[in-house]
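Coordinates from start13.pdb are shown below (PDB, C-alpha atoms).
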ATOM      1  CA  MET A   1      -5.576  -9.280  18.797  1.00  0.00           C
ATOM      2  CA  LEU A   2      -2.774  -7.630  16.814  1.00  0.00           C
ATOM      3  CA  ASP A   3      -1.755 -10.951  15.290  1.00  0.00           C
ATOM      4  CA  SER A   4      -5.353 -11.593  14.234  1.00  0.00           C
ATOM      5  CA  LEU A   5      -5.608  -8.169  12.612  1.00  0.00           C
ATOM      6  CA  THR A   6      -2.304  -8.726  10.823  1.00  0.00           C
ATOM      7  CA  TYR A   7      -3.527 -12.081   9.509  1.00  0.00           C
ATOM      8  CA  LEU A   8      -6.830 -10.591   8.323  1.00  0.00           C
ATOM      9  CA  LEU A   9      -5.106  -7.678   6.600  1.00  0.00           C
ATOM     10  CA  LYS A  10      -2.745 -10.057   4.826  1.00  0.00           C
ATOM     11  CA  LYS A  11      -5.646 -12.149   3.538  1.00  0.00           C
ATOM     12  CA  VAL A  12      -7.456  -9.075   2.205  1.00  0.00           C
ATOM     13  CA  PHE A  13      -4.337  -7.917   0.363  1.00  0.00           C
ATOM     14  CA  LEU A  14      -3.730 -11.386  -1.015  1.00  0.00           C
ATOM     15  CA  LEU A  15      -7.240 -11.534  -2.457  1.00  0.00           C
ATOM     16  CA  THR A  16      -7.207  -8.045  -3.942  1.00  0.00           C
ATOM     17  CA  ASN A  17      -3.611  -7.609  -5.099  1.00  0.00           C
ATOM     18  CA  PHE A  18      -2.748 -11.021  -6.537  1.00  0.00           C
ATOM     19  CA  THR A  19      -4.021 -10.223 -10.019  1.00  0.00           C
ATOM     20  CA  LEU A  20      -2.480  -6.758  -9.978  1.00  0.00           C
ATOM     21  CA  PHE A  21       0.891  -8.194  -9.002  1.00  0.00           C
ATOM     22  CA  ASN A  22       0.740 -10.618 -11.925  1.00  0.00           C
ATOM     23  CA  ILE A  23      -0.127  -7.809 -14.333  1.00  0.00           C
ATOM     24  CA  ILE A  24       2.702  -5.584 -13.135  1.00  0.00           C
ATOM     25  CA  SER A  25       5.135  -8.492 -13.067  1.00  0.00           C
ATOM     26  CA  SER A  26       4.384  -9.315 -16.697  1.00  0.00           C
ATOM     27  CA  GLU A  27       5.043  -5.704 -17.641  1.00  0.00           C
ATOM     28  CA  GLU A  28       8.283  -5.799 -15.698  1.00  0.00           C
ATOM     29  CA  ASP A  29       9.430  -8.896 -17.550  1.00  0.00           C
ATOM     30  CA  LYS A  30       8.846  -7.132 -20.841  1.00  0.00           C
ATOM     31  CA  CYS A  31      10.469  -3.782 -20.225  1.00  0.00           C
ATOM     32  CA  THR A  32      12.437  -3.536 -17.010  1.00  0.00           C
ATOM     33  CA  ASP A  33      15.589  -5.115 -15.619  1.00  0.00           C
ATOM     34  CA  TYR A  34      16.489  -5.518 -11.989  1.00  0.00           C
ATOM     35  CA  CYS A  35      19.078  -2.932 -11.041  1.00  0.00           C
ATOM     36  CA  GLU A  36      21.848  -2.505  -8.536  1.00  0.00           C
ATOM     37  CA  GLY A  37      22.546   0.574  -6.412  1.00  0.00           C
ATOM     38  CA  PRO A  38      25.421   2.136  -8.442  1.00  0.00           C
ATOM     39  CA  SER A  39      23.144   2.519 -11.496  1.00  0.00           C
ATOM     40  CA  PHE A  40      20.607   4.677  -9.655  1.00  0.00           C
ATOM     41  CA  GLN A  41      20.362   8.393 -10.325  1.00  0.00           C
ATOM     42  CA  ARG A  42      18.954  11.037  -8.022  1.00  0.00           C
ATOM     43  CA  GLY A  43      15.186  11.249  -8.654  1.00  0.00           C
ATOM     44  CA  ASP A  44      14.775   7.667  -9.861  1.00  0.00           C
ATOM     45  CA  LEU A  45      11.632   5.807  -8.820  1.00  0.00           C
ATOM     46  CA  LEU A  46      12.452   2.504  -7.111  1.00  0.00           C
ATOM     47  CA  GLU A  47      10.104  -0.429  -6.625  1.00  0.00           C
ATOM     48  CA  VAL A  48      10.502  -3.534  -4.504  1.00  0.00           C
ATOM     49  CA  PRO A  49       8.002  -6.403  -4.760  1.00  0.00           C
ATOM     50  CA  ARG A  50       6.895  -7.513  -1.295  1.00  0.00           C
ATOM     51  CA  THR A  51       4.798 -10.553  -0.385  1.00  0.00           C
ATOM     52  CA  LEU A  52       1.464  -8.707  -0.476  1.00  0.00           C
ATOM     53  CA  PHE A  53       2.165  -5.468  -2.293  1.00  0.00           C
ATOM     54  CA  ILE A  54       4.760  -3.403  -4.157  1.00  0.00           C
ATOM     55  CA  HIS A  55       6.663  -0.760  -2.202  1.00  0.00           C
ATOM     56  CA  PHE A  56       7.816   2.496  -3.821  1.00  0.00           C
ATOM     57  CA  GLY A  57      10.444   5.102  -3.068  1.00  0.00           C
ATOM     58  CA  ILE A  58      12.443   7.953  -4.583  1.00  0.00           C
ATOM     59  CA  TYR A  59      16.223   7.718  -4.780  1.00  0.00           C
ATOM     60  CA  LEU A  60      17.924  10.789  -3.284  1.00  0.00           C
ATOM     61  CA  GLY A  61      21.517   9.920  -4.031  1.00  0.00           C
ATOM     62  CA  GLU A  62      24.311   8.697  -1.749  1.00  0.00           C
ATOM     63  CA  ASN A  63      22.557   5.359  -1.242  1.00  0.00           C
ATOM     64  CA  LYS A  64      19.483   7.025   0.336  1.00  0.00           C
ATOM     65  CA  VAL A  65      15.800   6.469  -0.492  1.00  0.00           C
ATOM     66  CA  ALA A  66      12.774   8.532   0.587  1.00  0.00           C
ATOM     67  CA  HIS A  67       9.661   6.417   1.018  1.00  0.00           C
ATOM     68  CA  LEU A  68       6.313   6.560   2.782  1.00  0.00           C
ATOM     69  CA  MET A  69       5.744   4.032   5.563  1.00  0.00           C
ATOM     70  CA  PRO A  70       2.730   3.637   7.866  1.00  0.00           C
ATOM     71  CA  ASP A  71       4.144   3.945  11.383  1.00  0.00           C
ATOM     72  CA  ILE A  72       2.686   4.463  14.842  1.00  0.00           C
ATOM     73  CA  MET A  73       6.021   5.325  16.504  1.00  0.00           C
ATOM     74  CA  PRO A  74       6.056   9.112  15.764  1.00  0.00           C
ATOM     75  CA  VAL A  75       2.670   9.373  17.496  1.00  0.00           C
ATOM     76  CA  ILE A  76       3.853   7.822  20.753  1.00  0.00           C
ATOM     77  CA  THR A  77       7.410   9.173  21.018  1.00  0.00           C
ATOM     78  CA  ASN A  78       9.632  12.050  19.934  1.00  0.00           C
ATOM     79  CA  ASP A  79      12.765   9.945  20.229  1.00  0.00           C
ATOM     80  CA  LYS A  80      14.337  10.182  16.766  1.00  0.00           C
ATOM     81  CA  CYS A  81      16.521   7.146  17.403  1.00  0.00           C
ATOM     82  CA  GLN A  82      13.462   4.995  18.115  1.00  0.00           C
ATOM     83  CA  ILE A  83      11.574   6.400  15.114  1.00  0.00           C
ATOM     84  CA  GLN A  84      14.474   5.818  12.723  1.00  0.00           C
ATOM     85  CA  LYS A  85      14.774   2.129  13.600  1.00  0.00           C
ATOM     86  CA  MET A  86      13.451  -0.378  11.081  1.00  0.00           C
ATOM     87  CA  VAL A  87       9.636  -0.357  10.980  1.00  0.00           C
ATOM     88  CA  THR A  88       8.345  -3.705  12.246  1.00  0.00           C
ATOM     89  CA  ASN A  89       5.136  -5.331  11.022  1.00  0.00           C
ATOM     90  CA  LYS A  90       3.307  -4.346  14.216  1.00  0.00           C
ATOM     91  CA  ARG A  91       4.442  -0.734  13.926  1.00  0.00           C
ATOM     92  CA  LEU A  92       3.305  -0.737  10.316  1.00  0.00           C
ATOM     93  CA  LEU A  93      -0.094  -2.288  11.101  1.00  0.00           C
ATOM     94  CA  LEU A  94      -0.759   0.149  13.933  1.00  0.00           C
ATOM     95  CA  GLY A  95       0.190   2.975  11.586  1.00  0.00           C
ATOM     96  CA  VAL A  96      -2.329   1.723   9.017  1.00  0.00           C
ATOM     97  CA  LEU A  97      -5.088   1.414  11.622  1.00  0.00           C
ATOM     98  CA  SER A  98      -4.351   4.808  13.195  1.00  0.00           C
ATOM     99  CA  LYS A  99      -3.811   6.428   9.764  1.00  0.00           C
ATOM    100  CA  ASN A 100      -0.360   7.715  10.618  1.00  0.00           C
ATOM    101  CA  ALA A 101       2.748   7.514   8.449  1.00  0.00           C
ATOM    102  CA  THR A 102       6.156   9.035   7.913  1.00  0.00           C
ATOM    103  CA  ILE A 103       8.034   9.875   4.779  1.00  0.00           C
ATOM    104  CA  ARG A 104      11.436   8.698   5.918  1.00  0.00           C
ATOM    105  CA  VAL A 105      14.913   8.287   4.494  1.00  0.00           C
ATOM    106  CA  ASP A 106      16.593   4.885   4.648  1.00  0.00           C
ATOM    107  CA  THR A 107      19.501   3.212   2.936  1.00  0.00           C
ATOM    108  CA  VAL A 108      18.815   1.351  -0.303  1.00  0.00           C
ATOM    109  CA  GLU A 109      19.462  -1.927   1.526  1.00  0.00           C
ATOM    110  CA  ASP A 110      16.926  -1.192   4.291  1.00  0.00           C
ATOM    111  CA  PHE A 111      14.395   0.007   1.715  1.00  0.00           C
ATOM    112  CA  ALA A 112      14.768  -3.125  -0.410  1.00  0.00           C
ATOM    113  CA  TYR A 113      14.683  -5.447   2.626  1.00  0.00           C
ATOM    114  CA  GLY A 114      16.316  -8.244   0.641  1.00  0.00           C
ATOM    115  CA  SER A 115      14.218  -7.843  -2.514  1.00  0.00           C
ATOM    116  CA  LYS A 116      15.508  -6.960  -5.958  1.00  0.00           C
ATOM    117  CA  ILE A 117      14.824  -3.381  -7.028  1.00  0.00           C
ATOM    118  CA  LEU A 118      13.022  -2.283 -10.175  1.00  0.00           C
ATOM    119  CA  LEU A 119      14.106   1.014 -11.699  1.00  0.00           C
ATOM    120  CA  ASN A 120      11.594   3.531 -13.138  1.00  0.00           C
ATOM    121  CA  ASN A 121       9.199   0.742 -14.105  1.00  0.00           C
ATOM    122  CA  MET A 122       6.160   3.012 -13.708  1.00  0.00           C
ATOM    123  CA  ASP A 123       7.416   5.145 -16.612  1.00  0.00           C
ATOM    124  CA  ASN A 124       6.536   2.251 -18.920  1.00  0.00           C
ATOM    125  CA  ILE A 125       3.306   1.226 -17.221  1.00  0.00           C
ATOM    126  CA  LEU A 126       1.743   4.686 -16.784  1.00  0.00           C
ATOM    127  CA  LYS A 127       3.134   6.119 -20.037  1.00  0.00           C
ATOM    128  CA  MET A 128       3.673   9.424 -18.206  1.00  0.00           C
ATOM    129  CA  GLN A 129       6.536  11.848 -18.731  1.00  0.00           C
ATOM    130  CA  PRO A 130       8.608  12.160 -15.547  1.00  0.00           C
ATOM    131  CA  LEU A 131       9.680  15.529 -14.189  1.00  0.00           C
ATOM    132  CA  PRO A 132      13.379  16.485 -14.206  1.00  0.00           C
ATOM    133  CA  ASN A 133      15.285  14.254 -11.803  1.00  0.00           C
ATOM    134  CA  GLU A 134      16.403  17.073  -9.499  1.00  0.00           C
ATOM    135  CA  GLU A 135      12.840  18.367  -9.159  1.00  0.00           C
ATOM    136  CA  ILE A 136      11.642  14.845  -8.342  1.00  0.00           C
ATOM    137  CA  ALA A 137      14.195  14.483  -5.555  1.00  0.00           C
ATOM    138  CA  LYS A 138      13.461  17.939  -4.149  1.00  0.00           C
ATOM    139  CA  ARG A 139       9.730  17.171  -4.053  1.00  0.00           C
ATOM    140  CA  ALA A 140      10.475  14.045  -2.025  1.00  0.00           C
ATOM    141  CA  GLU A 141      12.808  15.888   0.344  1.00  0.00           C
ATOM    142  CA  LYS A 142      10.244  18.607   1.029  1.00  0.00           C
ATOM    143  CA  LEU A 143       7.696  15.997   2.143  1.00  0.00           C
ATOM    144  CA  ILE A 144       9.949  14.175   4.626  1.00  0.00           C
ATOM    145  CA  GLY A 145       8.281  13.937   8.028  1.00  0.00           C
ATOM    146  CA  VAL A 146       5.038  12.799   9.663  1.00  0.00           C
ATOM    147  CA  ILE A 147       1.924  12.795   7.457  1.00  0.00           C
ATOM    148  CA  PRO A 148      -1.613  11.336   7.519  1.00  0.00           C
ATOM    149  CA  TYR A 149      -1.904   7.881   5.980  1.00  0.00           C
ATOM    150  CA  SER A 150      -4.653   6.324   3.909  1.00  0.00           C
ATOM    151  CA  LEU A 151      -4.461   2.842   2.457  1.00  0.00           C
ATOM    152  CA  LEU A 152      -6.551   3.982  -0.517  1.00  0.00           C
ATOM    153  CA  TRP A 153      -5.775   7.675  -0.950  1.00  0.00           C
ATOM    154  CA  ASN A 154      -2.301   8.388   0.445  1.00  0.00           C
ATOM    155  CA  ASN A 155       0.085   5.440   0.331  1.00  0.00           C
ATOM    156  CA  CYS A 156       3.681   4.905  -0.796  1.00  0.00           C
ATOM    157  CA  GLU A 157       2.680   4.666  -4.458  1.00  0.00           C
ATOM    158  CA  HIS A 158       0.795   7.979  -4.306  1.00  0.00           C
ATOM    159  CA  PHE A 159       3.875   9.612  -2.780  1.00  0.00           C
ATOM    160  CA  ALA A 160       6.311   8.254  -5.361  1.00  0.00           C
ATOM    161  CA  THR A 161       4.142   9.026  -8.394  1.00  0.00           C
ATOM    162  CA  TYR A 162       3.405  12.540  -7.113  1.00  0.00           C
ATOM    163  CA  CYS A 163       7.121  13.217  -6.807  1.00  0.00           C
ATOM    164  CA  ARG A 164       8.030  11.737 -10.179  1.00  0.00           C
ATOM    165  CA  TYR A 165       5.088  12.767 -12.369  1.00  0.00           C
ATOM    166  CA  GLY A 166       3.440  15.616 -10.464  1.00  0.00           C
ATOM    167  CA  SER A 167       0.240  13.582 -10.087  1.00  0.00           C
ATOM    168  CA  SER A 168      -0.664  11.000  -7.429  1.00  0.00           C
ATOM    169  CA  VAL A 169      -1.557   7.614  -8.896  1.00  0.00           C
ATOM    170  CA  SER A 170      -1.896   4.184  -7.298  1.00  0.00           C
ATOM    171  CA  LEU A 171      -2.549   1.165  -9.497  1.00  0.00           C
ATOM    172  CA  GLN A 172      -2.723  -1.008  -6.385  1.00  0.00           C
ATOM    173  CA  THR A 173      -5.509   1.168  -4.990  1.00  0.00           C
ATOM    174  CA  ASP A 174      -7.370   1.068  -8.308  1.00  0.00           C
ATOM    175  CA  LYS A 175      -7.149  -2.717  -8.370  1.00  0.00           C
ATOM    176  CA  PHE A 176      -8.267  -2.956  -4.740  1.00  0.00           C
ATOM    177  CA  CYS A 177     -11.352  -0.830  -5.491  1.00  0.00           C
ATOM    178  CA  GLU A 178     -12.180  -2.865  -8.587  1.00  0.00           C
ATOM    179  CA  SER A 179     -11.888  -6.097  -6.622  1.00  0.00           C
ATOM    180  CA  LEU A 180     -14.098  -4.651  -3.894  1.00  0.00           C
ATOM    181  CA  LYS A 181     -16.718  -3.661  -6.481  1.00  0.00           C
ATOM    182  CA  SER A 182     -16.657  -7.173  -7.916  1.00  0.00           C
ATOM    183  CA  MET A 183     -17.181  -8.661  -4.457  1.00  0.00           C
ATOM    184  CA  ILE A 184     -20.111  -6.325  -3.775  1.00  0.00           C
ATOM    185  CA  ARG A 185     -21.718  -7.065  -7.146  1.00  0.00           C
ATOM    186  CA  ASP A 186     -21.374 -10.815  -6.657  1.00  0.00           C
ATOM    187  CA  GLN A 187     -24.747 -12.086  -5.436  1.00  0.00           C
ATOM    188  CA  ARG A 188     -22.965 -14.714  -3.368  1.00  0.00           C
ATOM    189  CA  SER A 189     -21.785 -11.905  -1.083  1.00  0.00           C
ATOM    190  CA  ILE A 190     -25.408 -11.285  -0.109  1.00  0.00           C
ATOM    191  CA  LEU A 191     -25.989 -14.942   0.685  1.00  0.00           C
ATOM    192  CA  LEU A 192     -22.752 -15.101   2.658  1.00  0.00           C
ATOM    193  CA  SER A 193     -23.653 -12.000   4.698  1.00  0.00           C
ATOM    194  CA  VAL A 194     -27.086 -13.472   5.474  1.00  0.00           C
ATOM    195  CA  PHE A 195     -25.502 -16.761   6.510  1.00  0.00           C
ATOM    196  CA  LEU A 196     -22.966 -15.044   8.776  1.00  0.00           C
ATOM    197  CA  GLY A 197     -25.716 -12.879  10.246  1.00  0.00           C
ATOM    198  CA  MET A 198     -27.825 -15.925  11.068  1.00  0.00           C
ATOM    199  CA  LEU A 199     -24.803 -17.600  12.648  1.00  0.00           C
ATOM    200  CA  SER A 200     -24.214 -14.541  14.842  1.00  0.00           C
ATOM    201  CA  ILE A 201     -27.860 -14.595  15.948  1.00  0.00           C
ATOM    202  CA  ALA A 202     -27.686 -18.327  16.690  1.00  0.00           C
ATOM    203  CA  TYR A 203     -24.442 -17.927  18.627  1.00  0.00           C
ATOM    204  CA  LEU A 204     -25.008 -14.582  20.383  1.00  0.00           C
ATOM    205  CA  GLY A 205     -28.801 -14.522  20.500  1.00  0.00           C
ATOM    206  CA  MET A 206     -31.379 -12.145  19.060  1.00  0.00           C
ATOM    207  CA  ALA A 207     -30.462  -8.557  19.875  1.00  0.00           C
ATOM    208  CA  PRO A 208     -30.224  -5.236  18.024  1.00  0.00           C
ATOM    209  CA  SER A 209     -26.445  -5.738  17.713  1.00  0.00           C
ATOM    210  CA  THR A 210     -26.984  -8.960  15.756  1.00  0.00           C
ATOM    211  CA  ALA A 211     -30.366  -8.467  14.073  1.00  0.00           C
ATOM    212  CA  ILE A 212     -29.680  -5.035  12.570  1.00  0.00           C
ATOM    213  CA  PRO A 213     -26.439  -6.041  10.777  1.00  0.00           C
ATOM    214  CA  THR A 214     -28.093  -9.271   9.593  1.00  0.00           C
ATOM    215  CA  VAL A 215     -30.750  -7.237   7.799  1.00  0.00           C
ATOM    216  CA  PHE A 216     -28.867  -4.031   6.990  1.00  0.00           C
ATOM    217  CA  ILE A 217     -25.678  -5.475   5.431  1.00  0.00           C
ATOM    218  CA  PRO A 218     -27.396  -7.820   2.910  1.00  0.00           C
ATOM    219  CA  PHE A 219     -29.814  -5.004   2.014  1.00  0.00           C
ATOM    220  CA  MET A 220     -26.952  -2.591   1.335  1.00  0.00           C
ATOM    221  CA  LEU A 221     -25.107  -5.197  -0.723  1.00  0.00           C
ATOM    222  CA  TRP A 222     -28.268  -5.877  -2.731  1.00  0.00           C
ATOM    223  CA  MET A 223     -28.826  -2.166  -3.372  1.00  0.00           C
ATOM    224  CA  ALA A 224     -25.168  -1.599  -4.296  1.00  0.00           C
ATOM    225  CA  GLY A 225     -25.196  -4.559  -6.671  1.00  0.00           C
TER     226      GLY A 225
END

Just dump the structure as structure tokens.
Amino acid sequence: MLDSLTYLLKKVFLLTNFTLFNIISSEEDKCTDYCEGPSFQRGDLLEVPRTLFIHFGIYLGENKVAHLMPDIMPVITNDKCQIQKMVTNKRLLLGVLSKNATIRVDTVEDFAYGSKILLNNMDNILKMQPLPNEEIAKRAEKLIGVIPYSLLWNNCEHFATYCRYGSSVSLQTDKFCESLKSMIRDQRSILLSVFLGMLSIAYLGMAPSTAIPTVFIPFMLWMAG
């Protein structure tokens, strides 16, 4: 079941974030170089491109990065050694589904997880004036610990931009919402929902659990479009 959910979540992110990743990558090529650890300053905003998304963190100095990670472990144990271990994909997925996260401190190497790091790239993309570096780092340090998580409203990008600019922004969330709107407005979504509803009726039989979604979902999509 967990593997199926992981696969489904990956496919959703691939569909919704592919264009955004291309846009951000093109901006990166224009204005930002990949950087190594010694060039980082306390309060810098670090980005690492992952397969399905871009991960953000705030550099605290001494090779440490504060970043927000969905994680189920703090909910099920108080063992700090277990919590501080590298967050696996299953821990991350369960954190997303249960809406639990931690703002944690890891080494630059663990944060990057083998990817090259972009330095303060959001300064160029958002065209926002960053706060003083020490204030940025102190904001991040104050937030360290367990917090609620929301894929759309409180993710790693929200955390990093709040610390650096004083305002939470997530371009990945904006792109996700725009992609979702496009899917809803596409009339083919209505036809697909009807088709899937009819398949469920044919396979599971006529019942309120199959008939109601078959009618209700296409109607809602039609009204929203």

Expected axis-aligned box over every listed atom of segment 69-83 of chain A, 4 Å added per side, centre plus edges in Å to one decimal, as lines of an AutoDock Vina configuration file:
center_x = 9.6
center_y = 7.8
center_z = 13.3
size_x = 21.9
size_y = 16.4
size_z = 23.5

Find the nearest atom pair between each residue of segment 106-152 of chain A and segment 76-85 of chain A for residues within 12 Å, count only C-alpha atoms, give distances in Å to one decimal, sort rows by chain and ascending number, and present the table as a Markdown table.
| residue | atom | partner | partner_atom | distance |
| --- | --- | --- | --- | --- |
| A:Asp106 | CA | A:Gln84 | CA | 8.4 |
| A:Thr107 | CA | A:Gln84 | CA | 11.3 |
| A:Asp110 | CA | A:Lys85 | CA | 10.1 |
| A:Gly145 | CA | A:Ile83 | CA | 10.9 |
| A:Val146 | CA | A:Ile83 | CA | 10.6 |

Next item on the list: Using all atoms listed in the file, find the one residue out of A:Asn89, A:Phe40, A:Phe159, A:Leu45 that sits nearest to Lys142 of chain A.
Entry: A:Phe159

Checklist line | Explicit residues for the PyMOL selection byres ((chain A and resi 149) around 7) (as a VMD selection string) | finding: chain A and resid 70 96 99 to 101 147 to 148 150 to 151 154 to 155

Check: What is the distance, in Å and to one decimal place, between atom CA of Leu118 of chain A and atom CA of Val48 of chain A?
Finding: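 These two atoms are separated by 6.3 Å.
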
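Every residue that the PyMOL selection byres ((chain A and resi 212-214) around 9) selects in this file is listed here: Ser193, Val194, Phe195, Leu196, Gly197, Met198, Ser200, Ile201, Ala207, Pro208, Ser209, Thr210, Ala211, Val215, Phe216, Ile217, Pro218 and Phe219 of chain A.
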
Notebook entry, point to check: To one decimal place, how far is atom CA of Ala140 of chain A from atom CA of Ile58 of chain A in Å?
Noted result: 6.9 Å

Got a sec: who's within 8 Å of Glu157 of chain A, counting all atoms listed in the file, leaving out chain neighbours fewer than 3 positions off, as a PDB file with C-alpha atoms, keeping the file's coordinate frame?
ATOM      1  CA  HIS A  55       6.663  -0.760  -2.202  1.00  0.00           C
ATOM      2  CA  PHE A  56       7.816   2.496  -3.821  1.00  0.00           C
ATOM      3  CA  GLY A  57      10.444   5.102  -3.068  1.00  0.00           C
ATOM      4  CA  ASN A 154      -2.301   8.388   0.445  1.00  0.00           C
ATOM      5  CA  ALA A 160       6.311   8.254  -5.361  1.00  0.00           C
ATOM      6  CA  THR A 161       4.142   9.026  -8.394  1.00  0.00           C
ATOM      7  CA  SER A 168      -0.664  11.000  -7.429  1.00  0.00           C
ATOM      8  CA  VAL A 169      -1.557   7.614  -8.896  1.00  0.00           C
ATOM      9  CA  SER A 170      -1.896   4.184  -7.298  1.00  0.00           C
TER      10      SER A 170
END

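Residues surrounding segment 127-137 of chain A within 7 Å are Arg42, Gly43, Asp44, Ile58, Leu60, Asp123, Glu141, Cys163, Arg164 and Tyr165 of chain A [only C-alpha atoms; sequence separation below 4 positions excluded].
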
Item checked: Point-to-point distance in Å for atom CA of Val65 of chain A and atom CA of Met122 of chain A ->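 Calculated distance between atom CA of Met122 of chain A and atom CA of Val65 of chain A is 16.7 Å.
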
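Comparing A:Thr88, A:Asn120, A:Gln187, A:Ser182 by their smallest distance to Leu46 of chain A, the closest is A:Asn120 (using only C-alpha atoms).
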
Next item on the list: Check which residues satisfy the PyMOL selection byres ((chain A and resi 68) around 6) in the file shown, then give them as a PyMOL selection string.
Entry: chain A and resi 67+69+102-103+156

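If you measure from each of A:Thr173, A:Ile190, A:Gly205, A:Val108 to Phe53 of chain A using only C-alpha atoms, the closest one turns out to be A:Thr173.
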
Margin query: Calculated over all atoms listed in the file, which of the candidates A:Arg139, A:Ile144, A:Arg50, A:Arg91 has the smallest distance to Ile117 of chain A?
Written below: A:Arg50

Item checked: From A:Ile72, A:Ile125, A:Leu52, A:Ala202, residue lying nearest Leu92 of chain A [all atoms listed in the file] -> A:Ile72

Have segment 109-124 of chain A completed to N, CA and C atoms, please, and pass it along as a PDB file, in the coordinates of the input.
ATOM      1  N   GLU A 109      19.550  -0.558   1.008  1.00  0.00           N
ATOM      2  CA  GLU A 109      19.462  -1.927   1.526  1.00  0.00           C
ATOM      3  C   GLU A 109      18.273  -2.086   2.470  1.00  0.00           C
ATOM      4  N   ASP A 110      18.064  -1.118   3.371  1.00  0.00           N
ATOM      5  CA  ASP A 110      16.926  -1.192   4.291  1.00  0.00           C
ATOM      6  C   ASP A 110      15.612  -1.046   3.536  1.00  0.00           C
ATOM      7  N   PHE A 111      15.602  -0.176   2.532  1.00  0.00           N
ATOM      8  CA  PHE A 111      14.395   0.007   1.715  1.00  0.00           C
ATOM      9  C   PHE A 111      14.036  -1.276   0.978  1.00  0.00           C
ATOM     10  N   ALA A 112      15.032  -1.917   0.387  1.00  0.00           N
ATOM     11  CA  ALA A 112      14.768  -3.125  -0.410  1.00  0.00           C
ATOM     12  C   ALA A 112      14.418  -4.316   0.462  1.00  0.00           C
ATOM     13  N   TYR A 113      14.974  -4.383   1.672  1.00  0.00           N
ATOM     14  CA  TYR A 113      14.683  -5.447   2.626  1.00  0.00           C
ATOM     15  C   TYR A 113      14.881  -6.832   1.998  1.00  0.00           C
ATOM     16  N   GLY A 114      15.972  -6.952   1.230  1.00  0.00           N
ATOM     17  CA  GLY A 114      16.316  -8.244   0.641  1.00  0.00           C
ATOM     18  C   GLY A 114      15.731  -8.507  -0.734  1.00  0.00           C
ATOM     19  N   SER A 115      14.836  -7.646  -1.196  1.00  0.00           N
ATOM     20  CA  SER A 115      14.218  -7.843  -2.514  1.00  0.00           C
ATOM     21  C   SER A 115      15.036  -7.153  -3.603  1.00  0.00           C
ATOM     22  N   LYS A 116      14.890  -7.624  -4.819  1.00  0.00           N
ATOM     23  CA  LYS A 116      15.508  -6.960  -5.958  1.00  0.00           C
ATOM     24  C   LYS A 116      14.728  -5.682  -6.275  1.00  0.00           C
ATOM     25  N   ILE A 117      15.423  -4.699  -6.802  1.00  0.00           N
ATOM     26  CA  ILE A 117      14.824  -3.381  -7.028  1.00  0.00           C
ATOM     27  C   ILE A 117      14.573  -3.155  -8.508  1.00  0.00           C
ATOM     28  N   LEU A 118      13.378  -2.665  -8.810  1.00  0.00           N
ATOM     29  CA  LEU A 118      13.022  -2.283 -10.175  1.00  0.00           C
ATOM     30  C   LEU A 118      13.207  -0.783 -10.339  1.00  0.00           C
ATOM     31  N   LEU A 119      13.742  -0.380 -11.466  1.00  0.00           N
ATOM     32  CA  LEU A 119      14.106   1.014 -11.699  1.00  0.00           C
ATOM     33  C   LEU A 119      13.163   1.669 -12.706  1.00  0.00           C
ATOM     34  N   ASN A 120      12.444   2.709 -12.260  1.00  0.00           N
ATOM     35  CA  ASN A 120      11.594   3.531 -13.138  1.00  0.00           C
ATOM     36  C   ASN A 120      10.608   2.707 -13.964  1.00  0.00           C
ATOM     37  N   ASN A 121      10.129   1.614 -13.370  1.00  0.00           N
ATOM     38  CA  ASN A 121       9.199   0.742 -14.105  1.00  0.00           C
ATOM     39  C   ASN A 121       7.866   1.422 -14.389  1.00  0.00           C
ATOM     40  N   MET A 122       7.446   2.339 -13.516  1.00  0.00           N
ATOM     41  CA  MET A 122       6.160   3.012 -13.708  1.00  0.00           C
ATOM     42  C   MET A 122       6.160   3.911 -14.944  1.00  0.00           C
ATOM     43  N   ASP A 123       7.345   4.342 -15.390  1.00  0.00           N
ATOM     44  CA  ASP A 123       7.416   5.145 -16.612  1.00  0.00           C
ATOM     45  C   ASP A 123       6.785   4.385 -17.776  1.00  0.00           C
ATOM     46  N   ASN A 124       7.047   3.077 -17.830  1.00  0.00           N
ATOM     47  CA  ASN A 124       6.536   2.251 -18.920  1.00  0.00           C
ATOM     48  C   ASN A 124       5.070   1.878 -18.734  1.00  0.00           C
TER      49      ASN A 124
END
